[in-house]
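Engineer: Data: work-v9.cif, mmCIF, C-alpha atoms.
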data_start
#
loop_
_atom_site.label_atom_id
_atom_site.label_comp_id
_atom_site.auth_asym_id
_atom_site.auth_seq_id
_atom_site.Cartn_x
_atom_site.Cartn_y
_atom_site.Cartn_z
CA MET I 1 29.78 206.02 123.19
CA ASN I 2 32.65 203.86 124.26
CA LYS I 3 32.60 200.45 122.72
CA LEU I 4 33.27 197.89 125.40
CA VAL I 5 35.69 195.28 124.22
CA SER I 6 34.28 191.91 125.07
CA ASN I 7 37.34 190.41 126.68
CA SER I 8 39.05 193.39 128.22
CA ARG I 9 40.66 192.83 131.55
CA THR I 10 41.15 196.01 133.44
CA ARG I 11 43.27 194.85 136.31
CA VAL I 12 44.23 191.74 138.16
CA LEU I 13 44.62 191.83 141.89
CA LEU I 14 46.59 189.04 143.36
CA THR I 15 45.96 188.55 147.03
CA CYS I 16 47.63 185.62 148.72
CA ARG I 17 46.01 184.20 151.77
CA THR I 18 48.22 181.25 152.43
CA TRP I 19 47.99 178.69 155.07
CA PHE I 20 49.41 175.24 155.13
CA ALA I 21 47.46 172.17 156.05
CA HIS I 22 49.17 168.93 156.93
CA PRO I 23 46.43 166.36 157.25
CA GLN I 24 48.74 163.43 157.89
CA ARG I 25 46.61 161.89 160.54
CA GLY I 26 45.63 159.10 158.22
CA VAL I 27 42.00 159.22 159.26
CA LEU I 28 39.82 157.07 157.08
CA THR I 29 36.47 158.56 156.31
CA ALA I 30 33.51 156.30 155.72
CA ALA I 31 32.43 157.68 152.37
CA PRO I 32 34.57 159.22 149.67
CA ASN I 33 34.67 162.99 149.89
CA THR I 34 32.12 164.44 147.52
CA PRO I 35 32.63 167.94 146.21
CA LYS I 36 30.23 170.58 147.43
CA ARG I 37 26.91 170.32 145.66
CA ARG I 38 24.68 173.13 144.53
CA PRO I 39 21.13 173.31 145.96
CA ALA I 40 18.43 171.21 144.31
CA SER I 41 17.94 172.01 140.67
CA LEU I 42 14.73 172.30 138.75
CA ASN I 43 15.55 169.41 136.46
CA PRO I 44 16.28 166.01 137.95
CA PRO I 45 19.70 164.72 136.92
CA PRO I 46 19.61 162.37 133.93
CA PRO I 47 20.27 158.69 134.56
CA GLN I 48 23.90 157.63 134.47
CA ARG I 49 25.12 156.99 130.97
CA THR I 50 27.13 153.80 130.82
CA GLU I 51 29.72 154.26 128.13
CA SER I 52 32.44 151.71 127.74
CA ARG I 53 34.36 152.00 130.98
CA ARG I 54 37.60 150.14 130.94
CA HIS I 55 38.15 150.34 134.65
CA ARG I 56 36.23 151.78 137.52
CA SER I 57 38.38 152.99 140.32
CA GLY I 58 35.62 152.46 142.81
CA GLY I 59 34.94 156.06 143.76
CA ALA I 60 31.27 155.35 144.42
CA GLY I 61 30.53 155.83 140.71
CA MET I 62 30.39 159.61 140.86
CA ASN I 63 29.32 161.01 137.55
CA VAL I 64 28.99 164.75 137.74
CA PHE I 65 30.55 165.95 134.53
CA ASP I 66 29.96 165.04 130.92
CA ARG I 67 33.51 164.35 129.83
CA GLU I 68 32.60 164.06 126.19
CA MET I 69 31.07 167.53 126.29
CA LYS I 70 34.15 168.87 128.03
CA ARG I 71 36.30 167.44 125.28
CA ARG I 72 34.18 169.17 122.65
CA GLN I 73 34.24 172.45 124.56
CA ARG I 74 38.01 172.34 124.84
CA LYS I 75 38.32 171.53 121.17
CA TRP I 76 36.11 174.46 120.28
CA ALA I 77 38.01 176.81 122.56
CA ALA I 78 41.31 175.72 121.06
CA SER I 79 39.99 176.36 117.56
CA LEU I 80 39.04 179.97 118.29
CA GLN I 81 40.87 182.75 116.58
CA GLY I 82 43.06 184.49 119.07
CA SER I 83 42.53 181.96 121.83
CA GLN I 84 45.70 183.24 123.53
CA GLN I 85 43.77 186.18 124.92
CA PHE I 86 41.96 183.82 127.30
CA ASP I 87 45.13 182.35 128.73
CA TYR I 88 45.67 184.98 131.40
CA LEU I 89 44.37 182.87 134.24
CA ARG I 90 46.52 179.88 133.33
CA ASP I 91 49.53 182.15 132.92
CA GLU I 92 48.89 183.54 136.38
CA VAL I 93 48.80 180.07 137.90
CA MET I 94 51.64 178.54 135.96
CA PRO I 95 54.64 180.18 137.67
CA SER I 96 53.49 178.94 141.05
CA ILE I 97 53.59 175.33 140.04
CA SER I 98 56.48 175.27 137.68
CA PRO I 99 59.31 173.69 139.67
CA GLN I 100 61.86 175.95 138.18
CA VAL I 101 60.66 179.50 138.08
CA GLN I 102 62.56 181.64 140.53
CA GLY I 103 60.52 182.90 143.40
CA SER I 104 57.95 180.18 143.12
CA PRO I 105 56.22 180.13 146.51
CA PHE I 106 56.79 176.49 147.30
CA LEU I 107 59.45 175.01 145.33
CA SER I 108 63.11 175.10 146.01
CA PHE I 109 64.15 171.90 144.44
CA SER I 110 67.61 171.25 143.33
CA ARG I 111 66.63 168.10 141.66
CA THR I 112 66.28 166.88 138.13
CA PHE I 113 63.28 164.89 137.07
CA PRO I 114 64.10 162.43 134.32
CA LEU I 115 60.50 161.83 133.32
CA ALA I 116 57.61 164.16 133.96
CA LEU I 117 53.94 164.04 133.08
CA ASP I 118 51.71 167.01 132.43
CA LEU I 119 48.10 166.01 132.98
CA GLY I 120 45.40 167.96 131.24
CA CYS I 121 48.15 170.05 129.80
CA GLY I 122 46.03 172.22 127.55
CA LYS I 123 48.38 174.26 125.46
CA SER I 124 51.13 173.15 127.79
CA HIS I 125 52.21 176.50 129.13
CA ILE I 126 54.34 174.74 131.67
CA ALA I 127 56.35 172.96 129.05
CA GLN I 128 57.46 176.23 127.56
CA HIS I 129 58.87 177.35 130.87
CA LEU I 130 60.75 174.24 131.83
CA SER I 131 64.37 173.72 130.98
CA LYS I 132 66.38 170.60 130.41
CA ASP I 133 68.11 170.94 133.79
CA VAL I 134 64.91 170.34 135.62
CA VAL I 135 62.98 167.99 133.42
CA GLU I 136 64.66 165.72 130.97
CA ARG I 137 61.70 164.16 129.22
CA LEU I 138 58.11 165.30 129.29
CA VAL I 139 54.91 163.52 128.47
CA LEU I 140 51.87 165.64 127.73
CA ALA I 141 48.46 164.13 128.27
CA ASP I 142 45.17 165.72 127.38
CA THR I 143 41.78 164.61 126.19
CA SER I 144 41.71 167.02 123.28
CA GLU I 145 44.23 166.65 120.51
CA ASP I 146 43.87 170.23 119.37
CA ARG I 147 45.41 171.46 122.55
CA LEU I 148 48.41 169.18 122.36
CA ARG I 149 50.56 171.46 120.32
CA SER I 150 53.69 172.80 121.82
CA ALA I 151 57.24 173.52 120.88
CA CYS I 152 59.74 173.46 123.63
CA GLU I 153 63.33 172.49 124.10
CA ILE I 154 62.59 169.39 126.10
CA PRO I 155 61.81 166.25 124.12
CA THR I 156 58.10 165.74 124.60
CA GLN I 157 55.69 163.00 123.82
CA CYS I 158 51.99 163.73 123.41
CA VAL I 159 49.45 161.26 124.64
CA LEU I 160 45.72 161.50 124.18
CA ALA I 161 44.54 160.36 127.56
CA ASP I 162 41.74 161.04 129.96
CA GLU I 163 42.82 162.13 133.43
CA GLU I 164 40.60 159.50 134.96
CA TYR I 165 42.04 156.58 133.03
CA LEU I 166 45.79 156.95 132.86
CA PRO I 167 47.34 154.53 130.37
CA PHE I 168 50.72 154.44 132.08
CA PRO I 169 52.28 151.60 134.06
CA GLU I 170 53.05 151.93 137.74
CA ASN I 171 56.17 153.66 139.00
CA THR I 172 56.89 155.49 135.78
CA PHE I 173 57.15 159.19 136.49
CA ASP I 174 59.29 161.29 138.79
CA LEU I 175 57.05 164.32 138.51
CA VAL I 176 53.40 164.75 137.69
CA LEU I 177 52.06 168.22 137.04
CA SER I 178 48.48 169.26 136.62
CA SER I 179 47.37 172.80 136.10
CA MET I 180 43.76 173.94 136.08
CA SER I 181 42.19 170.83 134.68
CA MET I 182 41.38 168.56 137.60
CA HIS I 183 38.23 170.40 138.55
CA TRP I 184 36.44 168.62 135.72
CA ILE I 185 37.29 165.12 136.92
CA ASN I 186 34.38 162.99 138.02
CA ASP I 187 36.15 160.61 140.33
CA LEU I 188 38.75 162.68 142.10
CA PRO I 189 39.75 160.08 144.72
CA GLY I 190 40.34 157.55 141.96
CA ALA I 191 42.33 160.02 139.90
CA PHE I 192 44.57 160.80 142.86
CA LYS I 193 45.13 157.10 143.46
CA GLN I 194 46.08 156.60 139.83
CA ILE I 195 48.51 159.52 139.94
CA GLN I 196 50.02 158.10 143.08
CA SER I 197 50.49 154.75 141.41
CA VAL I 198 52.14 156.05 138.26
CA LEU I 199 54.60 158.02 140.35
CA LYS I 200 57.89 156.46 141.33
CA PRO I 201 58.65 156.28 145.06
CA ASP I 202 59.88 159.70 146.16
CA GLY I 203 58.14 161.19 143.17
CA VAL I 204 56.16 164.37 143.54
CA PHE I 205 52.77 165.50 142.34
CA ILE I 206 52.23 169.22 141.94
CA GLY I 207 48.79 170.41 141.03
CA ALA I 208 46.75 173.56 140.77
CA VAL I 209 43.02 173.31 140.72
CA VAL I 210 40.19 175.75 140.94
CA GLY I 211 38.13 175.32 144.05
CA GLY I 212 36.67 176.83 147.16
CA GLU I 213 34.46 179.76 146.43
CA THR I 214 35.45 180.41 142.85
CA LEU I 215 33.09 182.59 140.86
CA PHE I 216 30.74 183.00 143.80
CA GLU I 217 29.69 186.38 142.42
CA LEU I 218 28.57 184.82 139.17
CA ARG I 219 26.88 181.98 140.96
CA CYS I 220 24.92 184.23 143.32
CA SER I 221 23.91 186.69 140.61
CA LEU I 222 22.59 183.96 138.37
CA GLN I 223 20.83 182.29 141.27
CA LEU I 224 19.04 185.46 142.36
CA ALA I 225 18.18 186.46 138.82
CA GLU I 226 16.72 183.10 137.93
CA THR I 227 14.74 182.93 141.15
CA GLU I 228 13.22 186.31 140.53
CA ARG I 229 12.60 185.88 136.84
CA GLU I 230 11.72 182.21 136.57
CA GLY I 231 10.70 181.11 140.04
CA GLY I 232 13.54 178.66 140.58
CA PHE I 233 17.16 178.26 139.68
CA SER I 234 19.45 175.64 138.31
CA PRO I 235 23.18 175.30 138.90
CA HIS I 236 25.38 177.06 136.39
CA ILE I 237 28.68 176.80 138.26
CA SER I 238 30.19 173.39 138.79
CA PRO I 239 30.74 172.08 142.32
CA TYR I 240 34.21 172.68 143.70
CA THR I 241 36.42 170.98 146.26
CA ALA I 242 37.17 172.74 149.51
CA VAL I 243 40.70 173.11 150.82
CA SER I 244 40.21 170.66 153.64
CA ASP I 245 38.62 168.08 151.37
CA LEU I 246 41.57 168.26 149.03
CA GLY I 247 44.00 167.51 151.81
CA ASN I 248 41.94 164.55 152.95
CA LEU I 249 41.67 163.20 149.43
CA MET I 250 45.38 163.32 148.87
CA GLY I 251 46.07 161.71 152.21
CA GLN I 252 43.67 158.91 151.38
CA ALA I 253 45.35 158.39 148.03
CA GLY I 254 48.60 157.69 149.79
CA PHE I 255 50.53 160.91 149.38
CA ASN I 256 53.03 162.02 151.99
CA MET I 257 54.16 165.42 153.15
CA LEU I 258 51.17 167.27 151.80
CA THR I 259 51.03 170.96 151.20
CA VAL I 260 47.79 172.63 150.25
CA ASP I 261 47.61 176.33 149.64
CA LEU I 262 44.85 178.69 148.64
CA ASP I 263 45.40 181.67 146.43
CA GLU I 264 42.75 184.20 145.55
CA ILE I 265 42.90 185.82 142.15
CA GLN I 266 40.48 188.60 141.41
CA VAL I 267 39.98 189.59 137.81
CA ASP I 268 37.98 192.64 136.80
CA TYR I 269 35.61 192.63 133.87
CA PRO I 270 33.31 195.29 132.44
CA SER I 271 30.18 193.19 133.06
CA ILE I 272 28.82 189.70 133.51
CA PHE I 273 28.77 189.06 129.78
CA GLU I 274 32.52 189.40 129.49
CA VAL I 275 32.95 187.02 132.42
CA MET I 276 30.89 184.42 130.64
CA THR I 277 32.56 184.99 127.29
CA ASP I 278 36.00 184.62 128.79
CA LEU I 279 35.05 181.47 130.65
CA GLN I 280 33.79 180.04 127.39
CA GLY I 281 36.97 181.05 125.62
CA MET I 282 39.09 179.36 128.28
CA GLY I 283 37.21 176.13 127.68
CA GLU I 284 35.70 176.28 131.15
CA SER I 285 32.04 176.20 130.16
CA ASN I 286 29.76 174.17 132.34
CA CYS I 287 29.49 170.53 131.43
CA ALA I 288 27.80 169.04 134.46
CA TRP I 289 25.03 166.59 133.62
CA ASN I 290 22.52 168.64 135.58
CA ARG I 291 23.12 171.84 133.69
CA LYS I 292 20.23 173.64 132.06
CA SER I 293 20.79 174.03 128.37
CA VAL I 294 19.15 177.45 128.18
CA LEU I 295 19.90 180.71 129.92
CA HIS I 296 17.06 183.09 129.12
CA ARG I 297 17.87 186.57 127.97
CA ASP I 298 15.67 188.04 130.68
CA SER I 299 17.63 186.13 133.30
CA MET I 300 20.90 187.28 131.76
CA LEU I 301 19.75 190.86 131.86
CA ALA I 302 18.59 190.52 135.43
CA ALA I 303 21.82 188.81 136.44
CA ALA I 304 23.88 191.58 134.84
CA ALA I 305 22.01 194.20 136.85
CA ILE I 306 22.29 192.22 140.09
CA TYR I 307 26.00 191.48 139.58
CA GLN I 308 26.75 195.14 139.04
CA GLU I 309 24.71 196.18 142.04
CA MET I 310 25.94 193.57 144.49
CA TYR I 311 29.58 193.24 143.57
CA GLY I 312 30.37 195.98 141.09
CA HIS I 313 33.02 198.59 141.66
CA PRO I 314 31.80 202.15 142.07
CA ASP I 315 33.54 203.27 138.91
CA GLY I 316 32.07 200.48 136.79
CA GLY I 317 33.35 197.01 136.21
CA VAL I 318 32.75 193.87 138.18
CA PRO I 319 35.18 191.49 139.88
CA ALA I 320 35.30 187.74 139.45
CA THR I 321 37.09 185.70 142.08
CA PHE I 322 39.05 182.57 141.35
CA HIS I 323 40.26 180.51 144.27
CA VAL I 324 43.17 178.43 143.09
CA LEU I 325 44.21 175.53 145.28
CA TYR I 326 47.81 174.46 144.95
CA MET I 327 48.76 171.04 146.18
CA ILE I 328 52.01 169.14 146.52
CA GLY I 329 52.19 165.50 147.50
CA TRP I 330 55.05 163.04 147.60
CA LYS I 331 54.93 159.31 147.08
CA PRO I 332 56.24 157.64 150.22
CA HIS I 333 59.89 156.68 150.30
CA GLU I 334 62.27 155.67 153.08
CA SER I 335 64.35 158.81 152.66
CA GLN I 336 61.43 161.04 153.60
CA ALA I 337 61.08 162.37 157.10
CA ARG I 338 58.58 160.49 159.17
CA PRO I 339 56.82 161.46 162.37
CA ALA I 340 58.74 160.18 165.37
CA LYS I 341 57.56 157.13 167.24
CA ARG I 342 55.27 157.65 170.18
CA GLY I 343 57.13 157.72 173.44
CA SER I 344 60.50 158.52 171.90
CA ALA I 345 60.56 162.08 173.17
CA THR I 346 63.67 163.10 175.09
CA VAL I 347 62.58 166.58 176.03
CA SER I 348 59.41 167.60 177.76
CA PHE I 349 57.16 170.47 176.79
CA SER I 350 57.57 171.91 180.24
CA ASP I 351 61.19 172.56 179.37
CA LEU I 352 59.96 175.28 177.06
CA THR I 353 59.52 177.48 180.08
CA GLN I 354 63.26 177.21 180.70
CA VAL I 355 64.05 178.71 177.36
CA GLY I 356 65.15 182.29 177.70
CA ARG I 357 65.97 182.10 181.35
CA THR I 358 69.56 182.81 182.17
CA VAL I 359 71.21 179.81 183.71
CA THR I 360 72.76 180.53 187.10
CA LYS I 361 75.57 178.27 188.18
CA GLU I 362 75.73 177.47 191.79
CA THR I 363 79.11 178.20 193.19
CA PRO I 364 80.32 175.34 195.33
CA MET O 365 27.86 174.83 110.12
CA SER O 366 29.22 177.53 107.89
CA GLY O 367 27.81 180.88 106.97
CA THR O 368 25.29 182.65 109.14
CA ASN O 369 22.70 180.65 110.98
CA VAL O 370 20.47 181.30 113.94
CA TRP O 371 23.31 180.57 116.37
CA THR O 372 25.78 183.00 114.84
CA ARG O 373 23.12 185.67 114.56
CA SER O 374 21.99 185.33 118.13
CA ARG O 375 25.60 185.28 119.32
CA GLU O 376 26.21 188.51 117.46
CA LYS O 377 23.22 190.07 119.18
CA LEU O 378 24.42 188.80 122.51
CA ARG O 379 27.82 190.34 121.98
CA ARG O 380 26.22 193.76 121.90
CA PHE O 381 24.39 193.31 125.21
CA PRO O 382 27.03 194.99 127.42
CA GLU O 383 27.15 198.21 125.46
CA ILE O 384 23.39 198.43 125.26
CA LEU O 385 23.04 197.71 128.96
CA ALA O 386 25.48 200.52 129.66
CA GLN O 387 22.80 202.91 128.43
CA CYS O 388 20.49 202.04 131.29
CA PRO O 389 22.49 202.39 134.50
CA GLY O 390 19.66 203.87 136.52
CA GLU O 391 17.11 201.18 135.82
CA ALA O 392 19.68 198.44 136.25
CA SER O 393 20.69 199.86 139.60
CA ALA O 394 17.09 200.12 140.76
CA TYR O 395 16.40 196.52 139.85
CA GLY O 396 19.60 195.36 141.44
CA LYS O 397 18.78 197.18 144.67
CA CYS O 398 15.31 195.67 144.76
CA VAL O 399 16.68 192.15 144.49
CA THR O 400 19.59 192.60 146.87
CA ALA O 401 17.23 194.04 149.47
CA THR O 402 15.79 190.54 149.80
CA THR O 403 19.16 189.09 150.72
CA ILE O 404 19.44 191.21 153.84
CA GLY O 405 15.80 191.81 154.71
CA LYS O 406 13.22 189.35 155.93
CA GLN O 407 11.44 189.14 152.60
CA GLU O 408 12.26 185.99 150.66
CA LEU O 409 12.91 186.30 146.98
CA GLN O 410 9.99 185.03 144.94
CA LYS O 411 9.11 185.09 141.31
CA ASP O 412 8.18 188.55 140.02
CA LEU O 413 8.91 190.29 143.27
CA CYS O 414 10.66 193.09 141.41
CA VAL O 415 8.68 192.84 138.21
CA LYS O 416 8.03 196.59 137.95
CA GLU O 417 11.71 197.45 138.09
CA PHE O 418 12.50 194.69 135.65
CA GLN O 419 9.88 195.89 133.17
CA ALA O 420 11.40 199.36 133.35
CA LEU O 421 14.86 197.91 132.79
CA LYS O 422 13.72 195.79 129.88
CA ALA O 423 11.89 198.72 128.25
CA CYS O 424 14.98 200.89 128.54
CA PHE O 425 17.12 198.06 127.19
CA LEU O 426 14.86 197.47 124.18
CA ASN O 427 14.78 201.18 123.40
CA ALA O 428 18.54 201.39 123.54
CA ALA O 429 18.80 198.30 121.33
CA LYS O 430 16.47 199.85 118.75
CA LYS O 431 18.48 203.03 118.73
CA ALA O 432 21.72 201.16 118.40
CA ALA O 433 20.38 199.05 115.56
CA LYS O 434 19.55 202.15 113.51
#
Kindly return the structure encoded in the file as structure tokens.

Structural biologist:
Amino acid sequence: MNKLVSNSRTRVLLTCRTWFAHPQRGVLTAAPNTPKRRPASLNPPPPQRTESRRHRSGGAGMNVFDREMKRRQRKWAASLQGSQQFDYLRDEVMPSISPQVQGSPFLSFSRTFPLALDLGCGKSHIAQHLSKDVVERLVLADTSEDRLRSACEIPTQCVLADEEYLPFPENTFDLVLSSMSMHWINDLPGAFKQIQSVLKPDGVFIGAVVGGETLFELRCSLQLAETEREGGFSPHISPYTAVSDLGNLMGQAGFNMLTVDLDEIQVDYPSIFEVMTDLQGMGESNCAWNRKSVLHRDSMLAAAAIYQEMYGHPDGGVPATFHVLYMIGWKPHESQARPAKRGSATVSFSDLTQVGRTVTKETP
Amino acid sequence: MSGTNVWTRSREKLRRFPEILAQCPGEASAYGKCVTATTIGKQELQKDLCVKEFQALKACFLNAAKKAAK
């Protein structure tokens, strides 16, 4: 009998479906964009805990995630033996947002950033891949001190900070990076506004966040299994932001020249149990307030069978899809290109029909 | 918490779920097909709609677990 290794990854398929969205219309929406919610759960959500909040950024008081729990989960994940084996997803995402790696899909900067911030840096994979030509000084911020260990050639400063309450003054950083940590933020509009304020004018924010239809296979399998076994289901996957919502949020926060891109990463696992183990090891366990604290073994068994049947590959193994949203936003500055003023056009669209026609000169 | 406690013991048991489940592909497939049929058919998924298939799967699973524990 073959012993299945719990965290084996058989293959990773990278399929890029890229499209660019430029929501620069500056449309104000009435209510802040809320991430997609799961259907009604069995348990009503607990009342809002009021811990000591230094400052509320006014994002309608959204409280979806238990940040204290997330801190403990990250601490536990960092303390695991061999926690590097769970870093494959972050390593896959990191080259695309590092402003230096050759062949990065977006970035062709020839610019040096004197001061950069890495939000929710985790084990700061990015820091290890940056060189002094690109970033001169780096500040690492994370909620969990166990993850703030890194050794890289750039002088770094580690700050224990929550992404929702940045302790930095305005106009400090030239570059803010955030990789795979902003999907646990409660008040995303407020966080974007704070990032925009700590950036210097003509500073750039580059982020990668998990969103869209990530882990839909896991979500559907658990939903069907719990419905059949228990008569109802409760959300086990956190709500994610859609691509369009992300663009709107960044526009509202005051970013210019937005680029939002969606990348689909499919990772194959032997079964649902390895998916869940790896998510735990990455520190991505569920920490929403409305999570159920128990997943019954019967439901797990049922979900494993359903996952394999609905999504499994014919030769065994199941896929798990991660939709990674990459975003770039610039803080406004006079040097940036602006849309032209209305009525300043010198050429008409009807002139497009003239393109390609050979011009015949009339002989006098 | 050091040493073995109920959490470490149950986690150990859970770690062996995949290999035990691999012993019951037929029953798992039957149960999976029963449930996925509700996603495309008219029948809505209710509690215990596929209870027979699930009992078969669970029996096979428990047998395999007993054998593996020996």

Engineer: Convert the output of the PyMOL selection byres ((chain I and resi 111-122) around 7) on the shown file into explicit residues, formatted as a count of residues only.

Structural biologist: 25

Engineer: If we count only C-alpha atoms and set the cut-off at 12 Å, which residues sit around Asp91 (chain I), ignoring sequence neighbours fewer than 2 positions away in its own chain? Please answer as a count of residues only.

Structural biologist: 24

Engineer: Determine which residues of chain O sit within 6 Å of chain I, taking into account all atoms listed in the file, and present them as a compact mmCIF listing (two decimals) with C-alpha atoms, keeping the file's coordinate frame.

Structural biologist:
# COMPACT_ATOMS: atom_id res chain seq x y z
CA ALA O 392 19.68 198.44 136.25
CA SER O 393 20.69 199.86 139.60
CA GLY O 396 19.60 195.36 141.44
CA GLN O 410 9.99 185.03 144.94
CA LYS O 411 9.11 185.09 141.31
CA ASP O 412 8.18 188.55 140.02

Engineer: Figure out the distance between CA of Arg74 (chain I) and CA of Val198 (chain I), please, to one decimal in Å.

Structural biologist: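 Computing it gives 25.4 Å between the two atoms.
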
Engineer: What is the CA of Gly317 (chain I)-CA of Ala77 (chain I) distance in Å, reported with one decimal?

Structural biologist: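 These atoms are spaced 24.8 Å apart.
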
Engineer: Please identify all polymer residues within 9 Å of Cys287 (chain I), counting all atoms listed in the file, omitting same-chain residues fewer than 2 positions from it, and present them as a PyMOL selection string.

Structural biologist: chain I and resi 64-70+73+184+238+284-285+289-291

Engineer: With a distance cut-off of 8 Å and all atoms listed in the file, select the neighbouring residues of His323 (chain I), excluding the residue or stretch itself and same-chain residues fewer than 6 positions from it, and output the selection as a list of chain:residue names.

Structural biologist: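 Contacts, in chain order: I:Val210, I:Gly211, I:Gly212, I:Glu213, I:Thr214, I:Leu262, I:Asp263, I:Glu264, I:Ile265.
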
Engineer: Mind pulling up the distance from CA of Thr400 (chain O) to CA of His313 (chain I)?

Structural biologist: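 Separation of CA of His313 (chain I) and CA of Thr400 (chain O): 15.6 Å.
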
Engineer: I need every residue sitting at most 12 Å from the point (15.1, 199.1, 133.2) (coordinates as in the file, all atoms listed in the file considered), written as number ranges by chain.

Structural biologist: I: 298, 301-302, 304-305; O: 384-396, 414-428
